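Engineer: As input, take run_0.cif (mmCIF, C-alpha atoms and all ligand atoms):
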data_model
loop_
_atom_site.label_atom_id
_atom_site.label_comp_id
_atom_site.auth_asym_id
_atom_site.auth_seq_id
_atom_site.Cartn_x
_atom_site.Cartn_y
_atom_site.Cartn_z
CA MET A 1223 10.22 3.51 -2.02
CA PRO A 1224 10.63 4.92 1.49
CA THR A 1225 8.45 7.93 0.66
CA ASP A 1226 7.37 9.83 -2.41
CA GLY A 1227 9.51 12.80 -3.44
CA LEU A 1228 12.29 12.73 -0.82
CA TYR A 1229 13.36 9.10 -1.41
CA PRO A 1230 11.85 7.97 -4.72
CA PHE A 1231 13.86 4.72 -5.17
CA GLN A 1232 14.58 1.50 -3.28
CA TRP A 1233 16.81 1.81 -0.20
CA SER A 1234 18.19 -1.45 1.16
CA TRP A 1235 17.46 -1.34 4.88
CA ASP A 1236 14.20 0.53 4.37
CA SER A 1237 13.16 -2.22 2.01
CA ALA A 1238 13.97 -5.03 4.46
CA ILE A 1239 12.00 -3.40 7.28
CA THR A 1240 9.17 -2.54 4.91
CA ALA A 1241 8.95 -6.18 3.81
CA LEU A 1242 8.10 -7.09 7.42
CA GLY A 1243 5.16 -4.70 7.22
CA TRP A 1244 3.97 -6.16 3.91
CA LEU A 1245 4.19 -9.63 5.45
CA GLU A 1246 1.26 -8.73 7.72
CA PHE A 1247 -1.18 -8.45 4.84
CA ASP A 1248 0.41 -9.37 1.49
CA GLU A 1249 3.06 -12.08 1.63
CA GLU A 1250 3.69 -12.13 -2.09
CA ARG A 1251 4.45 -8.41 -2.02
CA ALA A 1252 6.77 -8.91 0.96
CA TRP A 1253 8.86 -11.48 -0.93
CA GLN A 1254 8.82 -9.31 -4.02
CA GLU A 1255 10.46 -6.55 -1.98
CA ALA A 1256 13.41 -8.90 -1.36
CA ASP A 1257 13.55 -10.27 -4.91
CA VAL A 1258 13.67 -6.81 -6.43
CA MET A 1259 16.33 -5.62 -3.99
CA PHE A 1260 18.57 -8.60 -4.68
CA SER A 1261 18.13 -8.09 -8.45
CA GLY A 1262 20.53 -5.18 -7.92
CA GLN A 1263 23.23 -7.16 -6.11
CA TRP A 1264 26.70 -6.58 -7.55
CA ASP A 1265 28.72 -9.47 -9.00
CA ASN A 1266 31.08 -9.26 -6.02
CA GLY A 1267 28.15 -9.81 -3.60
CA MET A 1268 27.68 -6.20 -2.49
CA LEU A 1269 24.08 -5.12 -2.02
CA PRO A 1270 23.90 -1.40 -2.84
CA HIS A 1271 22.19 0.97 -0.49
CA ILE A 1272 20.08 2.47 -3.30
CA LEU A 1273 18.68 0.91 -6.47
CA PHE A 1274 17.54 3.56 -8.92
CA HIS A 1275 14.58 1.87 -10.60
CA GLY A 1276 13.81 4.80 -12.87
CA ASP A 1277 14.41 8.45 -13.47
CA ALA A 1278 13.50 10.89 -10.78
CA GLU A 1279 14.28 14.53 -10.69
CA SER A 1280 13.45 14.79 -7.03
CA TYR A 1281 16.55 13.04 -5.62
CA PHE A 1282 20.25 13.87 -5.63
CA PRO A 1283 22.81 12.27 -6.08
CA GLY A 1284 21.49 9.98 -8.81
CA PRO A 1285 23.23 7.10 -10.63
CA ASP A 1286 25.23 9.40 -12.93
CA VAL A 1287 27.00 10.88 -9.89
CA TRP A 1288 27.70 7.45 -8.41
CA GLY A 1289 28.98 6.28 -11.81
CA SER A 1290 28.84 2.58 -11.03
CA ASN A 1291 27.32 1.55 -14.41
CA THR A 1292 25.63 -1.58 -13.09
CA ALA A 1293 22.78 -3.39 -14.86
CA VAL A 1294 20.37 -2.05 -12.26
CA PRO A 1295 21.63 1.52 -11.69
CA SER A 1296 22.81 1.78 -8.11
CA SER A 1297 24.90 3.51 -5.49
CA ALA A 1298 28.35 2.08 -4.70
CA ILE A 1299 28.09 1.54 -0.94
CA SER A 1300 25.91 -0.74 1.16
CA GLN A 1301 23.72 -0.18 4.22
CA PRO A 1302 23.11 -1.93 7.58
CA PRO A 1303 22.66 -5.57 6.50
CA VAL A 1304 19.34 -6.39 8.13
CA TRP A 1305 18.12 -8.57 5.25
CA ALA A 1306 18.91 -12.04 6.64
CA THR A 1307 17.09 -11.10 9.85
CA ALA A 1308 14.04 -9.92 7.91
CA ILE A 1309 14.06 -12.97 5.66
CA ARG A 1310 14.29 -15.34 8.60
CA ARG A 1311 11.20 -13.66 10.12
CA MET A 1312 9.41 -13.85 6.80
CA PHE A 1313 10.31 -17.49 6.33
CA GLU A 1314 9.35 -18.52 9.85
CA THR A 1315 6.06 -16.66 10.04
CA GLY A 1316 4.86 -16.63 6.42
CA LYS A 1317 1.66 -18.66 6.04
CA ASP A 1318 2.10 -19.46 2.36
CA ARG A 1319 4.72 -22.19 2.73
CA SER A 1320 5.32 -22.84 -0.93
CA LEU A 1321 5.90 -19.12 -1.51
CA ALA A 1322 8.29 -18.97 1.46
CA GLU A 1323 10.20 -22.10 0.45
CA SER A 1324 10.72 -21.09 -3.15
CA ALA A 1325 11.74 -17.57 -2.08
CA LEU A 1326 14.29 -18.92 0.39
CA GLU A 1327 15.77 -21.19 -2.28
CA ARG A 1328 16.27 -18.16 -4.57
CA LEU A 1329 17.47 -15.76 -1.90
CA LEU A 1330 19.72 -17.87 0.32
CA PRO A 1331 22.75 -18.01 -2.05
CA LYS A 1332 22.47 -14.25 -2.52
CA LEU A 1333 22.39 -13.64 1.23
CA ILE A 1334 25.44 -15.88 1.69
CA ASP A 1335 27.30 -13.92 -1.03
CA TYR A 1336 26.30 -10.66 0.60
CA HIS A 1337 27.62 -11.66 4.02
CA ASP A 1338 30.80 -13.02 2.42
CA TRP A 1339 31.29 -9.67 0.73
CA TRP A 1340 31.16 -7.81 4.06
CA TYR A 1341 33.86 -9.94 5.66
CA ARG A 1342 36.03 -10.34 2.56
CA GLU A 1343 36.01 -6.72 1.35
CA ARG A 1344 35.45 -4.81 4.57
CA ASP A 1345 37.60 -6.87 6.90
CA PRO A 1346 40.44 -8.21 4.76
CA ASP A 1347 42.72 -8.32 7.82
CA GLU A 1348 40.22 -10.57 9.63
CA THR A 1349 39.92 -8.40 12.71
CA GLY A 1350 36.28 -9.44 13.19
CA LEU A 1351 35.12 -5.81 12.92
CA VAL A 1352 34.08 -4.75 9.42
CA CYS A 1353 34.74 -1.18 8.37
CA SER A 1354 32.49 1.39 6.73
CA TYR A 1355 33.44 4.06 4.19
CA HIS A 1356 30.53 6.47 4.25
CA PRO A 1357 28.09 7.94 6.80
CA TRP A 1358 25.29 7.02 4.35
CA GLU A 1359 26.37 3.40 4.74
CA SER A 1360 25.52 3.57 8.44
CA GLY A 1361 22.02 4.76 7.52
CA MET A 1362 22.56 7.28 10.36
CA ASP A 1363 23.95 9.89 7.98
CA ASN A 1364 24.60 12.91 10.17
CA SER A 1365 25.01 11.21 13.53
CA PRO A 1366 27.39 13.23 15.72
CA ALA A 1367 29.43 10.03 15.89
CA TRP A 1368 30.69 10.76 12.37
CA ASP A 1369 31.38 14.50 12.78
CA ASP A 1370 35.10 14.40 13.46
CA ALA A 1371 35.93 11.61 11.04
CA LEU A 1372 33.94 13.37 8.31
CA ALA A 1373 35.49 16.77 9.06
CA ARG A 1374 38.87 15.40 7.92
CA VAL A 1375 37.46 14.48 4.50
CA PRO A 1376 38.07 17.16 1.84
CA GLU A 1377 35.11 19.03 0.35
CA VAL A 1378 33.97 18.19 -3.16
CA ASP A 1379 35.21 20.77 -5.68
CA TRP A 1380 32.14 21.03 -7.89
CA GLU A 1381 28.80 22.78 -7.47
CA TYR A 1382 25.63 20.79 -6.94
CA GLN A 1383 22.03 21.30 -6.07
CA ARG A 1384 20.50 19.38 -3.19
CA ARG A 1385 16.95 18.13 -3.71
CA ASP A 1386 16.17 17.03 -0.14
CA LEU A 1387 15.61 20.61 0.97
CA GLY A 1388 12.79 20.94 -1.55
CA HIS A 1389 10.88 18.32 0.46
CA VAL A 1390 11.90 18.80 4.08
CA ASP A 1391 12.63 21.75 6.37
CA SER A 1392 16.39 22.39 6.42
CA GLU A 1393 16.30 22.32 10.26
CA GLN A 1394 15.61 18.60 10.00
CA ARG A 1395 18.34 17.71 7.49
CA PRO A 1396 22.18 17.56 7.41
CA HIS A 1397 24.19 20.75 6.80
CA LYS A 1398 25.99 21.64 3.55
CA PRO A 1399 29.56 21.03 4.84
CA GLN A 1400 28.49 17.45 5.51
CA TYR A 1401 27.02 17.07 2.01
CA ASP A 1402 30.26 18.48 0.52
CA ARG A 1403 32.11 15.61 2.14
CA TYR A 1404 29.49 12.95 1.43
CA LEU A 1405 29.97 13.81 -2.24
CA TYR A 1406 33.76 13.88 -2.04
CA LEU A 1407 33.57 10.25 -0.89
CA VAL A 1408 31.21 9.31 -3.73
CA ASP A 1409 33.78 10.78 -6.16
CA PHE A 1410 36.60 8.97 -4.39
CA TYR A 1411 35.12 5.51 -5.01
CA LYS A 1412 34.51 6.37 -8.68
CA LYS A 1413 38.03 7.74 -9.16
CA ASN A 1414 39.41 4.54 -7.64
CA GLY A 1415 37.40 2.40 -10.07
CA PHE A 1416 35.48 0.88 -7.11
CA ASP A 1417 38.63 -1.11 -6.38
CA SER A 1418 38.17 -2.57 -2.90
CA ASP A 1419 41.83 -2.78 -2.09
CA ALA A 1420 42.56 0.85 -3.08
CA ILE A 1421 39.53 2.08 -1.14
CA TYR A 1422 40.40 0.04 1.95
CA LYS A 1423 43.91 1.48 1.96
CA GLY A 1424 43.20 5.06 0.93
CA CYS A 1425 39.68 6.14 1.84
CA PRO A 1426 39.95 9.23 4.06
CA TYR A 1427 36.86 8.12 6.01
CA ARG A 1428 37.06 4.67 7.60
CA VAL A 1429 35.16 3.81 10.75
CA ILE A 1430 34.06 0.73 12.62
CA ASP A 1431 30.35 1.42 12.82
CA ILE A 1432 28.99 -0.43 15.83
CA GLY A 1433 25.51 -0.32 14.27
CA ILE A 1434 26.67 -2.17 11.16
CA VAL A 1435 28.83 -4.59 13.16
CA ALA A 1436 25.88 -5.46 15.42
CA ILE A 1437 23.26 -5.73 12.68
CA LEU A 1438 25.63 -7.85 10.55
CA HIS A 1439 26.29 -10.16 13.49
CA ARG A 1440 22.61 -10.60 14.26
CA ALA A 1441 21.91 -11.21 10.59
CA GLY A 1442 24.78 -13.72 10.43
CA ARG A 1443 23.20 -15.72 13.25
CA ASP A 1444 19.88 -15.60 11.40
CA LEU A 1445 21.65 -16.66 8.21
CA VAL A 1446 23.06 -19.75 9.93
CA GLU A 1447 19.53 -20.64 10.96
CA LEU A 1448 18.24 -20.08 7.41
CA CYS A 1449 20.97 -22.39 6.09
CA ARG A 1450 19.87 -25.05 8.58
CA LEU A 1451 16.22 -24.64 7.62
CA ALA A 1452 17.12 -24.94 3.93
CA GLY A 1453 19.47 -27.91 4.48
CA GLU A 1454 22.44 -25.87 3.20
CA SER A 1455 24.89 -26.92 5.89
CA ALA A 1456 28.00 -26.50 3.71
CA ALA A 1457 27.86 -22.71 4.08
CA ILE A 1458 27.58 -22.75 7.88
CA PRO A 1459 31.21 -23.22 9.04
CA SER A 1460 32.52 -20.12 7.31
CA ILE A 1461 29.65 -17.95 8.60
CA GLU A 1462 30.23 -19.32 12.08
CA SER A 1463 33.92 -18.55 11.97
CA GLU A 1464 33.12 -14.94 10.95
CA LEU A 1465 30.68 -14.71 13.86
CA ALA A 1466 33.30 -16.09 16.23
CA ARG A 1467 35.86 -13.50 15.10
CA THR A 1468 33.46 -10.65 15.85
CA GLN A 1469 32.54 -12.16 19.20
CA ALA A 1470 36.24 -12.39 20.08
CA SER A 1471 36.98 -8.74 19.22
CA ILE A 1472 33.83 -6.88 20.23
CA GLY A 1473 35.21 -6.30 23.73
CA THR A 1474 37.71 -3.81 22.29
CA LEU A 1475 34.78 -1.46 21.59
CA TRP A 1476 33.27 -1.70 25.10
CA SER A 1477 33.28 1.43 27.27
CA LYS A 1478 32.24 0.81 30.86
CA GLU A 1479 32.38 4.53 31.52
CA ASN A 1480 29.77 5.19 28.81
CA ARG A 1481 27.81 2.00 29.63
CA CYS A 1482 27.76 1.00 25.94
CA PHE A 1483 29.96 0.02 23.00
CA LEU A 1484 31.56 2.80 20.97
CA ASN A 1485 32.14 3.42 17.29
CA HIS A 1486 35.80 3.56 16.32
CA ASP A 1487 37.71 5.84 13.97
CA ILE A 1488 40.13 3.61 12.05
CA VAL A 1489 42.07 6.56 10.61
CA THR A 1490 43.00 8.00 14.02
CA GLY A 1491 42.84 4.71 15.89
CA GLU A 1492 40.60 6.36 18.52
CA PRO A 1493 37.20 5.41 19.95
CA ILE A 1494 34.37 7.83 19.10
CA GLU A 1495 32.93 9.13 22.37
CA GLU A 1496 29.30 9.67 21.38
CA VAL A 1497 26.42 7.70 22.86
CA THR A 1498 23.89 7.03 20.12
CA THR A 1499 21.22 4.38 19.69
CA ALA A 1500 23.72 2.41 17.55
CA THR A 1501 25.97 1.98 20.57
CA VAL A 1502 23.47 -0.28 22.36
CA LEU A 1503 22.68 -2.40 19.28
CA PRO A 1504 25.09 -5.16 20.39
CA LEU A 1505 22.08 -6.18 22.53
CA PHE A 1506 20.22 -6.94 19.28
CA ALA A 1507 23.22 -8.94 18.06
CA GLY A 1508 23.68 -11.00 21.23
CA LEU A 1509 27.24 -9.64 21.33
CA ALA A 1510 27.15 -8.31 24.90
CA ASN A 1511 28.00 -10.39 27.93
CA GLN A 1512 25.67 -10.39 30.96
CA SER A 1513 27.47 -7.59 32.74
CA GLN A 1514 27.61 -5.39 29.63
CA SER A 1515 23.91 -5.99 29.00
CA ALA A 1516 23.14 -4.86 32.57
CA TYR A 1517 25.08 -1.61 32.05
CA MET A 1518 23.28 -0.96 28.76
CA ALA A 1519 19.90 -1.73 30.35
CA ASP A 1520 20.68 0.87 33.04
CA LEU A 1521 21.65 3.39 30.40
CA ILE A 1522 18.44 2.76 28.41
CA ASP A 1523 16.33 2.94 31.56
CA GLU A 1524 17.57 6.50 32.22
CA TRP A 1525 17.61 7.45 28.54
CA LEU A 1526 13.89 6.66 28.21
CA ASP A 1527 13.15 9.43 30.71
CA ALA A 1528 15.70 11.90 29.41
CA THR A 1529 13.55 13.17 26.54
CA ALA A 1530 9.76 13.44 26.26
CA PHE A 1531 9.82 11.14 23.22
CA ALA A 1532 12.28 8.26 23.21
CA LEU A 1533 14.73 6.82 22.44
CA SER A 1534 16.52 9.84 21.08
CA SER A 1535 19.01 8.74 18.41
CA THR A 1536 21.76 10.73 20.12
CA HIS A 1537 21.88 10.82 23.91
CA PRO A 1538 20.57 14.25 25.02
CA SER A 1539 23.59 14.79 27.27
CA SER A 1540 25.73 15.20 24.12
CA GLU A 1541 26.53 18.81 23.27
CA ARG A 1542 25.85 17.84 19.65
CA PHE A 1543 22.30 16.68 20.39
CA GLU A 1544 19.58 18.38 18.27
CA SER A 1545 16.07 17.10 18.86
CA GLN A 1546 14.79 17.39 15.29
CA ARG A 1547 17.85 17.20 13.01
CA TYR A 1548 17.80 13.79 11.34
CA TRP A 1549 20.19 11.46 13.23
CA ARG A 1550 21.32 14.01 15.82
CA GLY A 1551 18.42 13.43 18.20
CA PRO A 1552 15.10 12.34 16.71
CA VAL A 1553 13.44 9.01 17.41
CA TRP A 1554 13.41 6.28 14.73
CA LEU A 1555 10.94 3.43 15.07
CA HIS A 1556 12.96 0.63 13.48
CA ILE A 1557 15.90 1.29 15.80
CA ASN A 1558 13.60 1.17 18.83
CA TRP A 1559 12.34 -2.16 17.53
CA MET A 1560 15.87 -3.58 17.29
CA ILE A 1561 16.77 -2.34 20.77
CA ALA A 1562 13.59 -3.79 22.25
CA GLU A 1563 14.28 -7.13 20.53
CA GLY A 1564 17.71 -7.15 22.15
CA LEU A 1565 16.27 -6.32 25.56
CA TYR A 1566 13.75 -9.17 25.30
CA ASP A 1567 16.58 -11.54 24.30
CA TYR A 1568 18.54 -10.60 27.43
CA GLY A 1569 15.49 -10.95 29.66
CA TYR A 1570 14.76 -7.24 30.20
CA ASP A 1571 11.12 -7.63 29.24
CA ASP A 1572 9.78 -4.67 31.24
CA LEU A 1573 12.32 -2.34 29.77
CA ALA A 1574 11.59 -3.65 26.27
CA GLU A 1575 7.91 -2.94 26.88
CA ARG A 1576 8.75 0.60 27.92
CA VAL A 1577 10.67 1.08 24.65
CA LYS A 1578 7.62 -0.23 22.82
CA GLN A 1579 5.27 2.16 24.64
CA ALA A 1580 7.60 5.07 23.92
CA THR A 1581 7.55 4.09 20.24
CA HIS A 1582 3.76 3.93 20.25
CA LYS A 1583 3.61 7.40 21.75
CA CYS A 1584 5.39 8.89 18.70
CA VAL A 1585 2.96 7.36 16.22
CA ASP A 1586 -0.04 8.22 18.41
CA LYS A 1587 1.03 11.82 18.50
CA SER A 1588 2.13 12.41 14.91
CA GLY A 1589 1.36 9.50 12.61
CA PHE A 1590 3.69 7.77 10.19
CA TYR A 1591 6.56 10.20 9.74
CA GLU A 1592 10.13 9.28 8.91
CA TYR A 1593 11.31 10.27 12.43
CA PHE A 1594 10.08 12.21 15.45
CA ASP A 1595 11.38 15.21 17.36
CA ALA A 1596 12.64 13.79 20.66
CA MET A 1597 11.34 16.79 22.63
CA SER A 1598 7.99 17.59 21.02
CA GLY A 1599 7.14 14.32 19.26
CA ALA A 1600 6.43 16.30 16.08
CA GLY A 1601 6.71 14.29 12.86
CA CYS A 1602 9.91 15.13 10.94
CA GLY A 1603 11.44 14.36 7.54
CA GLY A 1604 9.27 12.54 5.02
CA GLY A 1605 5.59 11.97 5.78
CA GLN A 1606 3.69 8.75 4.99
CA PHE A 1607 6.91 6.83 5.55
CA SER A 1608 7.11 3.14 4.62
CA TRP A 1609 9.27 1.74 7.37
CA THR A 1610 7.43 3.64 10.08
CA ALA A 1611 4.16 2.15 8.88
CA ALA A 1612 5.82 -1.25 8.59
CA VAL A 1613 7.14 -1.21 12.16
CA ALA A 1614 3.70 -0.10 13.38
CA LEU A 1615 2.08 -3.02 11.55
CA TYR A 1616 4.67 -5.61 12.36
CA TRP A 1617 5.51 -4.71 15.94
CA LEU A 1618 3.21 -2.12 17.52
CA ALA A 1619 -0.07 -3.54 16.25
C1 LIG B 1701 19.87 10.68 1.82
O1 LIG B 1701 19.99 11.01 0.65
O2 LIG B 1701 19.52 11.44 2.73
C2 LIG B 1701 20.05 9.29 2.19
O3 LIG B 1701 20.00 9.08 3.54
C3 LIG B 1701 21.32 8.73 1.61
O4 LIG B 1701 21.12 7.38 1.61
#
Have the structure of the file written as structure tokens, please.
Ligand code: DGY

Structural biologist:
Amino acid sequence: MPTDGLYPFQWSWDSAITALGWLEFDEERAWQEADVMFSGQWDNGMLPHILFHGDAESYFPGPDVWGSNTAVPSSAISQPPVWATAIRRMFETGKDRSLAESALERLLPKLIDYHDWWYRERDPDETGLVCSYHPWESGMDNSPAWDDALARVPEVDWEYQRRDLGHVDSEQRPHKPQYDRYLYLVDFYKKNGFDSDAIYKGCPYRVIDIGIVAILHRAGRDLVELCRLAGESAAIPSIESELARTQASIGTLWSKENRCFLNHDIVTGEPIEEVTTATVLPLFAGLANQSQSAYMADLIDEWLDATAFALSSTHPSSERFESQRYWRGPVWLHINWMIAEGLYDYGYDDLAERVKQATHKCVDKSGFYEYFDAMSGAGCGGGQFSWTAAVALYWLA
């Protein structure tokens, strides 16, 4: 679980990052993280963003609200698909080879199904840019990037009691109008019987999330490599053609003026003009060309100095920036790690090191919190947080 109380179940991208931390001192436990997560994969290949491995009063909305009735109770949306990237790292660096080889044999077909699901269900028109139906799917729940798209979603018409505010200061969490709409969307999937076609055509919230697109692309490249390592070459051509489609269309999201890629609102057909840490993740994916990478490096270079603790999840020049409110400003370690990885890949080693030092500074100041106030460095959200500790073990140490 990400942290006791606030998030008492298994979240998909938390789990993948956390596995990298386990790998440093307990490889069996690291692989178990993946096995248990994939035990909740849906028959259609979808990997839910939450698996509810038990009852917990401390979290809302639980499986009854989602209503998906799966063998392992779960939510009905996914999350940034970082698993193939994590599993490639685990496979390549794990010392226990027989453990790694048997795990890859079990997990590879599931990863292939999961990636297939993204392209089949979330990009049926083969545009190369998968779509997302919920801010929770982005993992960056209340990012200002989603404000306008979410504002058009109706509010849920039933009363509910949030549990997050019993654990965390309300100044660090999303507002109620956002929750009203998060829950409307949860109802919408249930009312549509989780029918992909109906949701694709009718969901009032549909965005191209550049974070998901980039993480999926990076993971797809890692999946090709895993297939090679496992001698499963038959799966490679279709993954490669999906990668090629994204590579061919990513340019439509580029904004030279903003020096980054932008999210896109499918319902209005408009780009979303908010610079967030997701908008430079195409570096992590290898999706940027040399000139685009230089613009993003410039942006990151200035961004590092724009707040006392960096990188702020929303650029501080945004009028919607809030230094301690969840995804509206605070610093998140795993995102810094992905951005630094991308910078190393493009040869910006000094800049990547600066991102690493900035990340270290947060932990040095406040310990292993969920996220950090971009102005004061104070720890925010859940304390004793799994993926923060994992990134510290895996990357900072
Ligand atoms: C929450 O409940 O805050 C989570 O981010 C949803 O996944």

Engineer: Please report as a Markdown table every residue of chain A lying within 8 Å of ligand LIG 1701 (chain B), along with the nearest atom pair and their distance in Å (one decimal), using all atoms listed in the file.

Structural biologist:
| residue | atom | partner | partner_atom | distance |
| --- | --- | --- | --- | --- |
| A:Tyr1229 | CA | B:LIG1701 | O1 | 7.2 |
| A:Trp1233 | CA | B:LIG1701 | O4 | 7.3 |
| A:His1271 | CA | B:LIG1701 | O4 | 6.8 |
| A:Ile1272 | CA | B:LIG1701 | O4 | 7.0 |
| A:Tyr1281 | CA | B:LIG1701 | O1 | 7.4 |
| A:Phe1282 | CA | B:LIG1701 | O1 | 6.9 |
| A:Pro1283 | CA | B:LIG1701 | O1 | 7.4 |
| A:Trp1358 | CA | B:LIG1701 | O4 | 5.0 |
| A:Glu1359 | CA | B:LIG1701 | O4 | 7.3 |
| A:Gly1361 | CA | B:LIG1701 | O3 | 6.2 |
| A:Met1362 | CA | B:LIG1701 | O3 | 7.5 |
| A:Asp1363 | CA | B:LIG1701 | O3 | 6.0 |
| A:Asp1386 | CA | B:LIG1701 | O2 | 7.1 |
| A:Arg1395 | CA | B:LIG1701 | O2 | 8.0 |

Engineer: Take the residues from that selection and put them in a file with C-alpha atoms, as a PDB file, in the frame of the given file.

Structural biologist:
ATOM      1  CA  TYR A1229      13.360   9.100  -1.410  1.00  0.00           C
ATOM      2  CA  TRP A1233      16.810   1.810  -0.200  1.00  0.00           C
ATOM      3  CA  HIS A1271      22.190   0.970  -0.490  1.00  0.00           C
ATOM      4  CA  ILE A1272      20.080   2.470  -3.300  1.00  0.00           C
ATOM      5  CA  TYR A1281      16.550  13.040  -5.620  1.00  0.00           C
ATOM      6  CA  PHE A1282      20.250  13.870  -5.630  1.00  0.00           C
ATOM      7  CA  PRO A1283      22.810  12.270  -6.080  1.00  0.00           C
ATOM      8  CA  TRP A1358      25.290   7.020   4.350  1.00  0.00           C
ATOM      9  CA  GLU A1359      26.370   3.400   4.740  1.00  0.00           C
ATOM     10  CA  GLY A1361      22.020   4.760   7.520  1.00  0.00           C
ATOM     11  CA  MET A1362      22.560   7.280  10.360  1.00  0.00           C
ATOM     12  CA  ASP A1363      23.950   9.890   7.980  1.00  0.00           C
ATOM     13  CA  ASP A1386      16.170  17.030  -0.140  1.00  0.00           C
ATOM     14  CA  ARG A1395      18.340  17.710   7.490  1.00  0.00           C
TER      15      ARG A1395
END

Engineer: Please list as a list in words every residue within 9 Å of Cys1584 (chain A), counting all atoms listed in the file and excluding residues in the same chain fewer than 3 positions away.

Structural biologist: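 Contacts, with the query itself left out: Phe1531, Ala1532, Val1553, Leu1555, Gln1579, Ala1580, Thr1581, Lys1587, Ser1588, Gly1589, Phe1590, Tyr1593, Phe1594, Asp1595, Ala1596, Gly1599, Ala1600 and Gly1601 of chain A.
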
Engineer: Mind pulling up the distance from CA of Arg1440 (chain A) to CA of Phe1506 (chain A)?

Structural biologist: 6.7 Å

Engineer: Near Gly1284 (chain A), counting only C-alpha atoms, which residues have an atom at most 9 Å away, once you skip same-chain residues fewer than 6 positions from it, shown as a ChimeraX atom specification?

Structural biologist: /A:1274,1277-1278,1295-1297

Engineer: Which of these residues is nearest to Ser1290 (chain A), using only C-alpha atoms: A:Tyr1411, A:Trp1476, A:Tyr1427, A:Trp1253?

Structural biologist: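 Looking only at the distances to Ser1290 (chain A), the closest residue turns out to be A:Tyr1411.
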
Engineer: May I have a table of the residues of region 1461-1535 of chain A lying at most 9 Å from region 1368-1385 of chain A, giving each one's closest pair of atoms and their distance in Å to one decimal, counting all atoms listed in the file, ordered by chain and ascending residue number, as JSON lines?

Structural biologist:
{"residue": "A:Asn1485", "atom": "CA", "partner": "A:Trp1368", "partner_atom": "CA", "distance": 9.0}
{"residue": "A:Asp1487", "atom": "CA", "partner": "A:Ala1371", "partner_atom": "CA", "distance": 6.7}
{"residue": "A:Val1489", "atom": "CA", "partner": "A:Ala1371", "partner_atom": "CA", "distance": 8.0}
{"residue": "A:Thr1490", "atom": "CA", "partner": "A:Ala1371", "partner_atom": "CA", "distance": 8.5}
{"residue": "A:Ile1494", "atom": "CA", "partner": "A:Trp1368", "partner_atom": "CA", "distance": 8.2}

Engineer: Let me make sure I understand: among A:Gly1227, A:Gly1442, A:Gly1262, A:Gly1551, which one has the smallest atom-to-atom distance to Ala1466 (chain A) if we use only C-alpha atoms?

Structural biologist: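 For Ala1466 (chain A), the nearest of the candidates is A:Gly1442.
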
Engineer: Please enclose the listed atoms of region 1506-1510 of chain A in an axis-aligned box, pad each side by 8 Å, and write out the centre and the three edge lengths in Å, rounded to one decimal, as JSON.

Structural biologist:
{"center_x": 23.7, "center_y": -9.0, "center_z": 21.5, "size_x": 23.0, "size_y": 20.1, "size_z": 22.8}

Engineer: Restricting the calculation to all atoms listed in the file, which member of A:Gln1232, A:Ala1441, A:Asn1266, A:His1356 is positioned closest to Ile1309 (chain A)?

Structural biologist: A:Ala1441

Engineer: Would you kindly return, as JSON, numbers by chain, each protein, DNA or RNA residue with an atom no farther than 9 Å from any atom of Pro1396 (chain A), considering all atoms listed in the file and excluding same-chain residues fewer than 3 positions away?

Structural biologist: {"A": [1363, 1364, 1392, 1393, 1399, 1400, 1401, 1547, 1548, 1549]}

Engineer: Please determine, counting only C-alpha atoms, which residue among A:Leu1475, A:Arg1443, A:Glu1249, A:Ala1456 has the shortest atom-to-atom distance to Gly1491 (chain A).

Structural biologist: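 Closest candidate: A:Leu1475.
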
Engineer: Just the residues within 9 Å of region 1326-1331 of chain A, please, counting only C-alpha atoms, with nothing from its chain fewer than 6 positions along; format it as a list in words.

Structural biologist: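 These residues fall inside the cut-off: Ala1256, Asp1257, Phe1260, Ala1306, Ile1309, Arg1310, Phe1313, Leu1445, Leu1448, Cys1449, Ala1452 and Glu1454 of chain A.
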
Engineer: In Å to one decimal, how far is CA of Ile1437 (chain A) from CA of Leu1503 (chain A)?

Structural biologist: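 Going from CA of Leu1503 (chain A) over to CA of Ile1437 (chain A) covers 7.4 Å.
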
Engineer: Got a sec: who's within 10 Å of Cys1353 (chain A), counting all atoms listed in the file, leaving out chain neighbours fewer than 5 positions off, as a ChimeraX atom specification?

Structural biologist: /A:1340-1341,1343-1346,1422,1427-1432,1434-1435,1486-1488

Engineer: For Gly1415 (chain A), which of A:Ser1324, A:Gln1263, A:Asn1291, A:Ser1471 is the closest residue, counting all atoms listed in the file?

Structural biologist: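 Answer, going by the shortest atom-to-atom distance: A:Asn1291.
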
Engineer: Could you tell me how far CA of Leu1438 (chain A) sits from CA of Leu1351 (chain A), in Å to one decimal place?

Structural biologist: 10.0 Å

Engineer: Considering only C-alpha atoms, can you say which of A:Thr1315, A:Thr1529, A:Ser1539, A:Thr1468 comes closest to Glu1496 (chain A)?

Structural biologist: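 The closest residue to Glu1496 (chain A) is A:Ser1539.
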
Engineer: Limit the output to C-alpha atoms and give region 1358-1368 of chain A as a tab-separated table (two decimals), in the first residue's frame.

Structural biologist:
chain	number	residue	atom	x	y	z
A	1358	TRP	CA	-7.40	9.71	-11.44
A	1359	GLU	CA	-6.18	7.73	-14.44
A	1360	SER	CA	-3.46	10.32	-15.00
A	1361	GLY	CA	-2.32	9.82	-11.40
A	1362	MET	CA	-2.11	13.65	-11.35
A	1363	ASP	CA	-5.66	13.99	-10.07
A	1364	ASN	CA	-6.15	17.71	-9.60
A	1365	SER	CA	-3.57	19.02	-12.04
A	1366	PRO	CA	-4.70	22.40	-13.43
A	1367	ALA	CA	-4.42	20.73	-16.83
A	1368	TRP	CA	-7.72	18.95	-16.13
